[in-house]
Amino acid sequence: KATEIRIATAANFYPTLKKIKQSYEEITKNKVTIIRGSTGKLYAQIIRGAPYDIFFSADSARVDKLVKQGKALEFVENKKSYIYATGALALWQPGADSSQQLRALLMNGEFNKLAIANPKTAPYGKASIEALKTMELYDEIKDKLVYGENISQTLQFVQSGAAELGFVARPYVNNEIHWEIDSYLHRPIRQKVVLLKQAKQIEVAKEFLQYLQSPAIRKIIISDGYIH
Amino acid sequence: MIQIKYKKQLNNFILNVDFSVPEKGISVLFGPSGSGKSSVLNLISGLDENEGDLIESKLILNNRVIDDSDNSICIKPWLRNMAYVFQDHRLFPHINTKENILFGYKRSNSDLSPEDLIEKFKIKDLLDHFPSQLSGGQKQRVAIVRALLSQPELLMLDEPLSALDYQSRQELLPYIECIHKELNIPVIYVSHDIKEVLRLADYIVVMDKGVVIDQGDISDLCITQPLLTQEEGASFILQGIISKIIKEDKLVEVDCGEKILITAENMQLKQKIRILIHAREVSLCLSKPEDSSILNCIPVLIDELQADRNGTLRVMAKMGGQIVVLLISHRSADQLKVKKGKRMYAQFKATAIIK
Amino acid sequence: MIQIKYKKQLNNFILNVDFSVPEKGISVLFGPSGSGKSSVLNLISGLDENEGDLIESKLILNNRVIDDSDNSICIKPWLRNMAYVFQDHRLFPHINTKENILFGYKRSNSDLSPEDLIEKFKIKDLLDHFPSQLSGGQKQRVAIVRALLSQPELLMLDEPLSALDYQSRQELLPYIECIHKELNIPVIYVSHDIKEVLRLADYIVVMDKGVVIDQGDISDLCITQPLLTQEEGASFILQGIISKIIKEDKLVEVDCGEKILITAENMQLKQKIRILIHAREVSLCLSKPEDSSILNCIPVLIDELQADRNGTLRVMAKMGGQIVVLLISHRSADQLKVKKGKRMYAQFKATAIIK
Amino acid sequence: MIELAPILVTLKLASFTTFILLIIGTPLAWWLSNTGSKLKVAIESVVALPLVLPPTVLGFYLLLALSPDGFIGTVWSYISDTPLSFSFTGLVIGSVIYSMPFVVQPLQASFEMVGKPLQKAAYTLGATPYDTFKNIVLPLSARGFLVAITLGFAHTVGEFGVVLMVGGNIPEVTQVLSIVIYDHVEVLEYAQAHYYSIGLLVFSFVVLYITYSLNRKLMVRI
Amino acid sequence: MIELAPILVTLKLASFTTFILLIIGTPLAWWLSNTGSKLKVAIESVVALPLVLPPTVLGFYLLLALSPDGFIGTVWSYISDTPLSFSFTGLVIGSVIYSMPFVVQPLQASFEMVGKPLQKAAYTLGATPYDTFKNIVLPLSARGFLVAITLGFAHTVGEFGVVLMVGGNIPEVTQVLSIVIYDHVEVLEYAQAHYYSIGLLVFSFVVLYITYSLNRKLMVRI
Ligand SMILES: Nc1ncnc2c1ncn2[C@@H]1O[C@H](COP(=O)(O)OP(=O)(O)OP(=O)(O)O)[C@@H](O)[C@H]1O
Ligand SMILES: Nc1ncnc2c1ncn2[C@@H]1O[C@H](COP(=O)(O)OP(=O)(O)OP(=O)(O)O)[C@@H](O)[C@H]1O
Ligand SMILES: [Mg+2]
Ligand SMILES: [Mg+2]
C-alpha cells in the first residue's frame, strides 16, 4: 500500500528535493508531499505541531534548536540530525560572458545594486556578507546592497534586471555562467535535516532518510551545485 | 380620552404640552410653523431621539399606558400600533408603490381591503412605480394609504394634503373624514390649512411656541380663537335636521329653528346635519329684502357686539337656541344702529361647509 | 417672453409643452398632482436626467438660447443662472442655515443683502441650526432665502409655501410679490393653492396630463378657467384709482367707474390699483337696499348669463367699461328675473384681494 | 500542469470566509452603526487592528492562539477533538480575523448612510428593529454589501501570509492558490506562475465584471 | 533594541501611499460613481483585481514592470534618472496599486449614497460640478473617506509582500516595520517581534481610537 510522507523543506533545497522525490517514488511507490517555506516559518509551525514528518532546514542552527527541544527523533546511529548538503555561493548576472568578467564587475564596483539574501534570516545572506568582508569589499559597496527575503527572491532581483549582480545559491545557476565564491571566504553553509517527533510515518520517513544518504542521491545533490 | 403630556427641551424653547383629545373623531393640532406640532407627534409615536432632553412624559391610549416617565414606561415604537404619515413621506425608495403600501398591512392583522384604498386614493396606475418616479402629490397619497392599511389604533397625519391640488384634496377629504367613522380610529391631524381644519376637525388643539394655548370643540373655537379666525374670519356651526330636499337646484332645506337653504347633495330627509358658515359671508339688514339673490334671510336677535380685527365688529346673534355670528364694519353698525336686543335679519348664501 | 418648449417621455404619458411666459412678473404653473409641473421646472433648470427620453427642447430666456435640441444646445445647469426652490427643500444637511443661505450668494455677483432677507423671512434665530433641527416650514423659508440670494435671472418656486401656516404665508406672500418688482426677476411659480395663485399670478399656465390646456393673463382666466374656479368659484379683477382714504375704518375708496370701498392699508391717494373679487361674494338685487351691512352696492348692466356648476348661474355684468362677475342660483335668477340688458345692483363687502 | 485542488481549496476558503464574515460582520456593523455605547469606538478600533500587522506576523500570533494550548485552541478543544492549527477550520478562522475590517467597515458606513428617518417610518408600521433592518436597511445597503463582499472575498483569495502560517501549506487541505503561485515564483517556475496568475486574473475579472454589472442594474432600478 | 528607521519608513510609506491614493482615488471614484460609460464596470473590475493576486506575486510582476526595461520603468526613465526598483518611490507605486481598491471602493460607495438631489440643488445655485463635489459631496462623504483612509493606511502598514519584493529591504530606505517584525519571527527572536508588534498595535489602536472618536463627533453634528 502507498503511504504518504510530508516533507517540509527550506526553499533553496526544493528543486533538488523534487528530483529526489521522483526517484524515490519510482522505486518505493510511497508518496512524498513537499511543503516548502522559509526555515523560520517552518520551525515555528513545527514547534506548534505541524503535521510534517521530515524537515530540511536551510541552516543547522534551527535544526539544532529543534533537537535540543526534543522535537527530533533518532534516525541514524545516535544521530538526530544530518548535514544533507553544504551550500555554495555564486555571483551571477544573467547572460554574463565569463566568470572573470563577473568577478571584475564586483571588484571594480561597476554596478548600482548587488542583491544578496537577508543576512539576518537566510544562511546564504550571512555567508554573502562574510565573503564580502573577507574580500574587503563590504564597506565600499554596502550602500549598493539590496536584500532578498530568501535566496530565491535574491535570484529574482537579479533575473528581473532590478539588480545587476547577485550572490545566489550555486544550485540555482549551476547551468549558467557564474563566478563561484570560494568556500573558504565564508563559513560553510551547513544544511541539516531532522526526523520530526510528530511524524506520522516514522518508518517510511526513516526509509526516505536512508535513501537520502545513498550514493545515487549524493550524486544528484552534488551535481546540482552543492559542495557536499 | 387620549391623555398626552410631554415636556422636553427643544432647540430654542421647551416643549411643554398637556392635553387630552377624544378617543373618537379627528383632533387637529394647529399652530404656526415651528410651534412644535411635529415634535409632539414624534413623541407620541415614540420616535423621539434625544431622550436626554425629555423631562416628563405621559401617554395613555385606550386605557393603555404607553409613556410614563414616572414609572419608566416607554413602549417601543413598533409595539404602539400607531401609524404616522410624515411631513416628508418617507416612502421606502427600494420597493415600488405596491410593496410600500403593503409594508404595514402585512405586519398587522388589518382587515382592510388594499384594493379599496388603492381605488379611493387613485394610485392604481402607480403600483409599479418606485418612489423616485412619483410626483410630490402622488407620494403623499401613497404615504397615507400605507399608514391606513396598517390599521392602527391611532392615526397621526402630519400635513398629509399639503402637496395636493384642490381636486385631489376634495376627493381625499371625505375619505379622511370617514376614517374615524368607518374604521373607528382616532385621528390626530396636523395642519395649518384653516379650511381643512374647519372642515375636518371635531376637536382642536392650538399650539404656539411649544405650549397648548387653546383647545376645545370646533364649535366653540371657530368663533373666536384668533389663530383659527385669522384667515377666513370667525365662523359658526349650526345644527339641524333636513326638512326638505330640492333635487333640481341641488339644495336642501335645513330646520335649525329657522329654515335655511344650503347647497348639498346625497342627503336624506330627517338626517341630522352640522353646517359651518363663515361669519363674513353673513350680512345684516333691517328688513327682509324681497329682491335679492341671497337665498337665506332669517330673523335674529342681536346678543352681543365685540370688536374684531381691522376695525370690524363681530356680532353674535341668537336664532332660536343657536348662535349666528357675523362681521360688519363700524360704519354699517352705525348706519343700521345695531345693538343688543335689536331684532334684525341675517342674510347669507346657500353655500356652507357640511361637517 | 421666455419661450419654453419641451417634449419628453415621462412615466405614464408624454410631457409635451410649448408655451411662453412674460419676462416680467409672476407666471404660475398650475395643475393637478402629477400633471408634470415639477418635470417642466426640472427641464427648464437643466436638471433632467433621462436625456434619452427627451424628444424635443427649446428654451430661450433674455434672448439667450439655453436649450435647443435642433442645434444640440444644452447649457449646463450651473451656467443657467436660474434658482430653483425644490418641493423637497434640499437643504445641505452638513452645513447650518447660515452657510446654506450663503451658498448661492457666494457664487454669484449678487448685490442683495442677506441681512435683509434673513429679517424678512424670520430666520435669524435659525442661523446656527442644521437642517435636521428645523421644522418643515422653517426648512421651506430657508430654501427660499437660499435661492433668492443667488440673484438668478429666473426664479423657479415649486410649491414653496405648502408647509407654511397662514400667518407665515401672509408675511411671505408680499415679499414674493415684490421679488419680480424689486429685483426684476421673472418668477415661475408652481402651486396648487388657488388662493395663492389668484393673489400672486400675473400670468397663468394651466397644465394637465403633461400638456398645457390653457394659458393667459390672470384677469382673463380667473373668470372661467374650470381648474382655477373650481375651489373658490369665478372671480374678476377691477382696475381703479384710489380716490379717498378712510383711515379710521381702514378703508379706501377706489374709483373704477363706480366708487367702491375696500379694506386696505398703506395706500396712497391716486395710486393705481387692481383688486380681485370672488364672484360668489357678490349678490344681486333690484333696488339699492338702504339698511344692509354690505358696503358696496353699485349699478350694473346684466350682459350675459352662463350655466356654472351645481346648478348655479354665472352672471356677467358691466360696470362702466369693466366686467363684474357674480354667481346666483337658478331660483334667485327666476325670482329676480335676471336677463341680459337689465339694470340691477351688485352688492359686495369691502373685502377684496389687492394685486 | 495545472492542479485543481488548490483552486478548489481557495474558492472554498474564500467563500466560507466571506460567508462567515457576513454572518458576524453584519450584526457587528449594525450594532456599531446604531449604538451610543462608549465601547463603540474601542471596538471599531479593535476590528481595524489586524490590518496593521504584517500577515505572516499575524499568522504567527494566530498560530500561537490556535495551537492546542493557545487561547482559541483551548476553547476549541471543548467543541471538537480535531486541532485547529494546520486545519481548514483554522485557516478560515485566521482569514476571518484578517479580513474582518474589509467587511465590517463598508457595511457600517452604508448602514449609517441609510439614516434614521426611514427606519422610524418602518417602526410606525409595526416593523421591529430586526424586521426593519432586514427589509429596509439591508436592501438599501446593497452597495455596501457589494463592496464588503468583493473586498472580503478578493482579499481572502489574495492573502497568503496568514494562510501559509496557520495552514501549513498542506496540499488538498490548506494549500491555496495564492501559495501555489507564490511557490512557483519562489522556485523560479515562472511559466506555471504566469498560467495561474493569468487564470486567476481572468477569472476574477469575469466574476467582478458580472457582479458590478448586476450592481449597476440594481442601482438603476432604485 | 528598537530601531527607529523602519518605523519612520513605514509611516512615511503609509502616509505617502494614502495621500496619493486619495489624490488618484477620489477623482476615479467620483468618475465611477457618476459615469454612464460602458467602461465603468470594466474599470471597477480592474481596480479590484490586484487584490486577488498574492502580494509577493504581485510584487514579482511589479518588480518586472518597475525594473529599467520594464513597462513602468521605461516610462519612468523619461521622467527621472534614478531607477524605480529598490527605491522608496517604487515602493510607493507598488503600495498604491495594491491598496487602490481599499480606497476607491468605499469612496465610490459613499459618493453614490450622497445622491443626485443635493447635487442638483447645488447646480441651480451656480456651483460647478467640481465646486459641488468639493463643498457638498465631499463633506457628506466624510464617513466614506474615514473608511478609505483607515483601510488604505492600515493596509499599507501591514503589507509586506509587495514591499519586500519591490523595495529590496534596504535599511533606512525601503525597510519597513512589517519586514523587521517578520525577520524577527523568522530568526526566532520572538521577544523583539513581540515588542514591535505590541508597539505597533498600541500605536495603531490609539490612532484609530482618536480617528473614530473624531468621526463620531462629526456624525453627531450632522
Ligand atoms: N431634532 C431637533 N432638535 C432640536 N430642535 C428641533 C429638532 N427638530 C425641530 N426642532 C425645533 O423645534 C421646534 C418645533 O419644531 P416642529 O418640527 O415640531 O415644528 P412644527 O410645529 O411641526 O412646524 P411646521 O409646521 O413648520 O412643520 C422648531 O423651532 C425647530 O427648530
Ligand atoms: N423620474 C421620473 N421618471 C419617470 N416618471 C416620472 C419621474 N418623476 C415623475 N414622473 C411622473 O411624471 C408625472 C409628472 O410628475 P411631476 O412631478 O412633474 O408632477 P407635478 O405636476 O409636479 O405633481 P405634484 O403637484 O404632485 O408635485 C407623474 O405621473 C410622475 O409619476
Ligand atoms: Mg412639522
Ligand atoms: Mg411636483
# chains A, B, ... in the order shown; residues from 1 in each chain; ligands from 1

call {"tool": "select_by_dssp", "arguments": {"residues": "region 15-227 of chain A", "states": "strand (DSSP E)", "output": "VMD selection string"}}
result
chain A and resid 31 to 37 54 to 56 72 to 73 81 to 87 89 to 92 114 to 117 145 to 148 165 to 169 178 to 180 189 to 196

call {"tool": "select_by_dssp", "arguments": {"residues": "region 172-348 of chain B", "states": "alpha helix (DSSP H)", "output": "VMD selection string"}}
result
chain B and resid 172 to 178 194 to 200 218 to 224 226 to 229 330 to 336

call {"tool": "residues_around", "arguments": {"residues": "Ile55 (chain C)", "least_positions_apart": "4", "cutoff": "12 Å", "atoms": "only C-alpha atoms", "output": "list of chain:residue names"}}
result
C:Lys5, C:Tyr6, C:Lys7, C:Lys8, C:Gln9, C:Leu10, C:Ile14, C:Leu15, C:Asn16, C:Val17, C:Leu43, C:Asn50, C:Glu51, C:Asp68, C:Ser69, C:Asp70, C:Ser72

call {"tool": "interface_residues", "arguments": {"of": "chain D", "to": "chain E", "cutoff": "8 Å", "atoms": "only C-alpha atoms", "output": "PyMOL selection string"}}
result
chain D and resi 41-42+44-46+48-49+51-57+60+101-102+105-106+109-110+113+143-144+147+150-151+154-160+178-179+181-182+185+197+200-201+204-205+208-209+212-213

call {"tool": "residues_near_ligand", "arguments": {"ligand": "ligand 3", "cutoff": "12 Å", "atoms": "only C-alpha atoms and all ligand atoms", "output": "ChimeraX atom specification"}}
result
/B:29-42,85-88,157-160,162,189-192,207 /C:132-140,162-165

call {"tool": "interface_residues", "arguments": {"of": "chain A", "to": "chain D", "cutoff": "10 Å", "atoms": "only C-alpha atoms", "output": "MDAnalysis selection string"}}
result
chainID A and resid 6 8 11:15 33:37 41:42 44:52 150:156 159 172

call {"tool": "atom_distance", "arguments": {"atom1": "CA of Ser60 (chain A)", "atom2": "CA of Lys192 (chain A)"}}
result
5.2 Å

call {"tool": "interface_residues", "arguments": {"of": "chain B", "to": "chain D", "cutoff": "8 Å", "atoms": "only C-alpha atoms", "output": "JSON, numbers by chain"}}
result
{"B": [45, 47, 77, 78, 79, 80, 81, 82, 83, 84, 86, 90, 91, 92, 93, 94, 95, 103, 104, 107, 108, 130, 132, 147, 150]}

call {"tool": "write_last_selection", "arguments": {"atoms": "N, CA and C atoms", "output": "PDB file, in the first residue's frame"}}
result
ATOM      1  N   SER B  45     -45.504  58.980  18.956  1.00  0.00           N
ATOM      2  CA  SER B  45     -45.213  57.722  18.255  1.00  0.00           C
ATOM      3  C   SER B  45     -43.957  57.042  18.785  1.00  0.00           C
ATOM      4  N   LEU B  47     -40.878  58.024  18.600  1.00  0.00           N
ATOM      5  CA  LEU B  47     -39.722  58.095  17.698  1.00  0.00           C
ATOM      6  C   LEU B  47     -38.709  59.131  18.140  1.00  0.00           C
ATOM      7  N   PRO B  77     -41.633  51.914  19.774  1.00  0.00           N
ATOM      8  CA  PRO B  77     -42.495  52.453  18.704  1.00  0.00           C
ATOM      9  C   PRO B  77     -43.217  51.373  17.896  1.00  0.00           C
ATOM     10  N   TRP B  78     -42.545  50.265  17.641  1.00  0.00           N
ATOM     11  CA  TRP B  78     -43.171  49.253  16.780  1.00  0.00           C
ATOM     12  C   TRP B  78     -44.262  48.459  17.506  1.00  0.00           C
ATOM     13  N   LEU B  79     -44.358  48.666  18.823  1.00  0.00           N
ATOM     14  CA  LEU B  79     -45.405  47.983  19.572  1.00  0.00           C
ATOM     15  C   LEU B  79     -46.563  48.925  19.897  1.00  0.00           C
ATOM     16  N   ARG B  80     -46.473  50.168  19.475  1.00  0.00           N
ATOM     17  CA  ARG B  80     -47.512  51.126  19.845  1.00  0.00           C
ATOM     18  C   ARG B  80     -48.748  51.011  18.972  1.00  0.00           C
ATOM     19  N   ASN B  81     -48.544  50.426  17.821  1.00  0.00           N
ATOM     20  CA  ASN B  81     -49.652  50.294  16.884  1.00  0.00           C
ATOM     21  C   ASN B  81     -50.276  51.648  16.529  1.00  0.00           C
ATOM     22  N   MET B  82     -49.419  52.568  16.241  1.00  0.00           N
ATOM     23  CA  MET B  82     -49.888  53.878  15.783  1.00  0.00           C
ATOM     24  C   MET B  82     -49.261  54.113  14.423  1.00  0.00           C
ATOM     25  N   ALA B  83     -50.066  54.594  13.492  1.00  0.00           N
ATOM     26  CA  ALA B  83     -49.472  54.901  12.194  1.00  0.00           C
ATOM     27  C   ALA B  83     -49.221  56.395  12.091  1.00  0.00           C
ATOM     28  N   TYR B  84     -48.279  56.749  11.261  1.00  0.00           N
ATOM     29  CA  TYR B  84     -47.804  58.121  11.204  1.00  0.00           C
ATOM     30  C   TYR B  84     -47.510  58.452   9.751  1.00  0.00           C
ATOM     31  N   PHE B  86     -45.754  60.962   7.676  1.00  0.00           N
ATOM     32  CA  PHE B  86     -44.782  62.014   7.940  1.00  0.00           C
ATOM     33  C   PHE B  86     -44.915  63.180   6.978  1.00  0.00           C
ATOM     34  N   ARG B  90     -41.377  59.754   3.532  1.00  0.00           N
ATOM     35  CA  ARG B  90     -40.566  58.601   3.939  1.00  0.00           C
ATOM     36  C   ARG B  90     -41.026  57.299   3.287  1.00  0.00           C
ATOM     37  N   LEU B  91     -41.302  57.361   2.031  1.00  0.00           N
ATOM     38  CA  LEU B  91     -41.542  56.114   1.316  1.00  0.00           C
ATOM     39  C   LEU B  91     -40.212  55.382   1.208  1.00  0.00           C
ATOM     40  N   PHE B  92     -40.289  54.066   1.159  1.00  0.00           N
ATOM     41  CA  PHE B  92     -39.061  53.279   1.042  1.00  0.00           C
ATOM     42  C   PHE B  92     -38.609  53.284  -0.416  1.00  0.00           C
ATOM     43  N   PRO B  93     -37.428  53.804  -0.679  1.00  0.00           N
ATOM     44  CA  PRO B  93     -37.043  54.034  -2.081  1.00  0.00           C
ATOM     45  C   PRO B  93     -36.757  52.767  -2.882  1.00  0.00           C
ATOM     46  N   HIS B  94     -36.521  51.654  -2.202  1.00  0.00           N
ATOM     47  CA  HIS B  94     -36.082  50.463  -2.935  1.00  0.00           C
ATOM     48  C   HIS B  94     -37.221  49.542  -3.311  1.00  0.00           C
ATOM     49  N   ILE B  95     -38.424  49.848  -2.881  1.00  0.00           N
ATOM     50  CA  ILE B  95     -39.546  48.996  -3.258  1.00  0.00           C
ATOM     51  C   ILE B  95     -40.605  49.854  -3.938  1.00  0.00           C
ATOM     52  N   PHE B 103     -46.483  47.300   3.191  1.00  0.00           N
ATOM     53  CA  PHE B 103     -45.489  47.069   4.237  1.00  0.00           C
ATOM     54  C   PHE B 103     -46.127  46.944   5.620  1.00  0.00           C
ATOM     55  N   GLY B 104     -46.945  47.918   5.972  1.00  0.00           N
ATOM     56  CA  GLY B 104     -47.576  47.872   7.288  1.00  0.00           C
ATOM     57  C   GLY B 104     -48.705  46.849   7.331  1.00  0.00           C
ATOM     58  N   ARG B 107     -47.793  43.465   8.255  1.00  0.00           N
ATOM     59  CA  ARG B 107     -47.323  43.340   9.632  1.00  0.00           C
ATOM     60  C   ARG B 107     -48.428  43.586  10.643  1.00  0.00           C
ATOM     61  N   SER B 108     -49.664  43.585  10.195  1.00  0.00           N
ATOM     62  CA  SER B 108     -50.775  43.806  11.127  1.00  0.00           C
ATOM     63  C   SER B 108     -51.858  42.781  10.841  1.00  0.00           C
ATOM     64  N   PHE B 130     -41.532  53.255  -8.634  1.00  0.00           N
ATOM     65  CA  PHE B 130     -40.728  53.462  -7.436  1.00  0.00           C
ATOM     66  C   PHE B 130     -40.913  54.905  -6.968  1.00  0.00           C
ATOM     67  N   SER B 132     -39.086  57.328  -6.464  1.00  0.00           N
ATOM     68  CA  SER B 132     -38.399  58.399  -7.194  1.00  0.00           C
ATOM     69  C   SER B 132     -39.126  58.764  -8.478  1.00  0.00           C
ATOM     70  N   ALA B 147     -50.059  54.122   5.591  1.00  0.00           N
ATOM     71  CA  ALA B 147     -50.349  54.242   7.024  1.00  0.00           C
ATOM     72  C   ALA B 147     -51.712  53.617   7.347  1.00  0.00           C
ATOM     73  N   SER B 150     -52.187  49.763   7.741  1.00  0.00           N
ATOM     74  CA  SER B 150     -51.679  49.038   8.906  1.00  0.00           C
ATOM     75  C   SER B 150     -52.723  49.024  10.021  1.00  0.00           C
TER      76      SER B 150
END

call {"tool": "closest_residue", "arguments": {"among": "C:Asn63, C:Gln271, C:Gln335, C:Ser27", "to": "chain B", "atoms": "only C-alpha atoms"}}
result
C:Gln335

call {"tool": "atom_distance", "arguments": {"atom1": "atom 5 (N, counted along the ligand's line) of ligand 1", "atom2": "CA of Tyr203 (chain B)"}}
result
27.0 Å

call {"tool": "atom_distance", "arguments": {"atom1": "CA of Trp31 (chain D)", "atom2": "CA of Phe71 (chain D)"}}
result
25.8 Å

call {"tool": "closest_residue", "arguments": {"among": "B:Leu112, B:Ile213, B:Leu127, B:Leu117", "to": "ligand 2", "atoms": "only C-alpha atoms and all ligand atoms"}}
result
B:Leu127

call {"tool": "closest_residue", "arguments": {"among": "B:Leu148, B:Ile123, B:Val211, B:Ile101", "to": "chain C", "atoms": "only C-alpha atoms"}}
result
B:Ile123

call {"tool": "closest_residue", "arguments": {"among": "C:Asp67, C:Asp217, C:Asp53, C:Ile323", "to": "ligand 2", "atoms": "only C-alpha atoms and all ligand atoms"}}
result
C:Asp53

call {"tool": "residues_around", "arguments": {"residues": "Glu177 (chain B)", "least_positions_apart": "4", "cutoff": "8 Å", "atoms": "only C-alpha atoms", "output": "ChimeraX atom specification"}}
result
/B:26,173,181,200

call {"tool": "write_last_selection", "arguments": {"atoms": "C-alpha atoms", "output": "short mmCIF file (atom, residue, chain, number, x, y, z; two decimals), in the first residue's frame"}}
result
data_model
loop_
_atom_site.label_atom_id
_atom_site.label_comp_id
_atom_site.auth_asym_id
_atom_site.auth_seq_id
_atom_site.Cartn_x
_atom_site.Cartn_y
_atom_site.Cartn_z
CA ILE B 26 -60.47 63.91 14.27
CA LEU B 173 -61.05 64.83 2.38
CA LYS B 181 -66.15 56.75 11.43
CA LEU B 200 -62.21 68.09 9.35
#
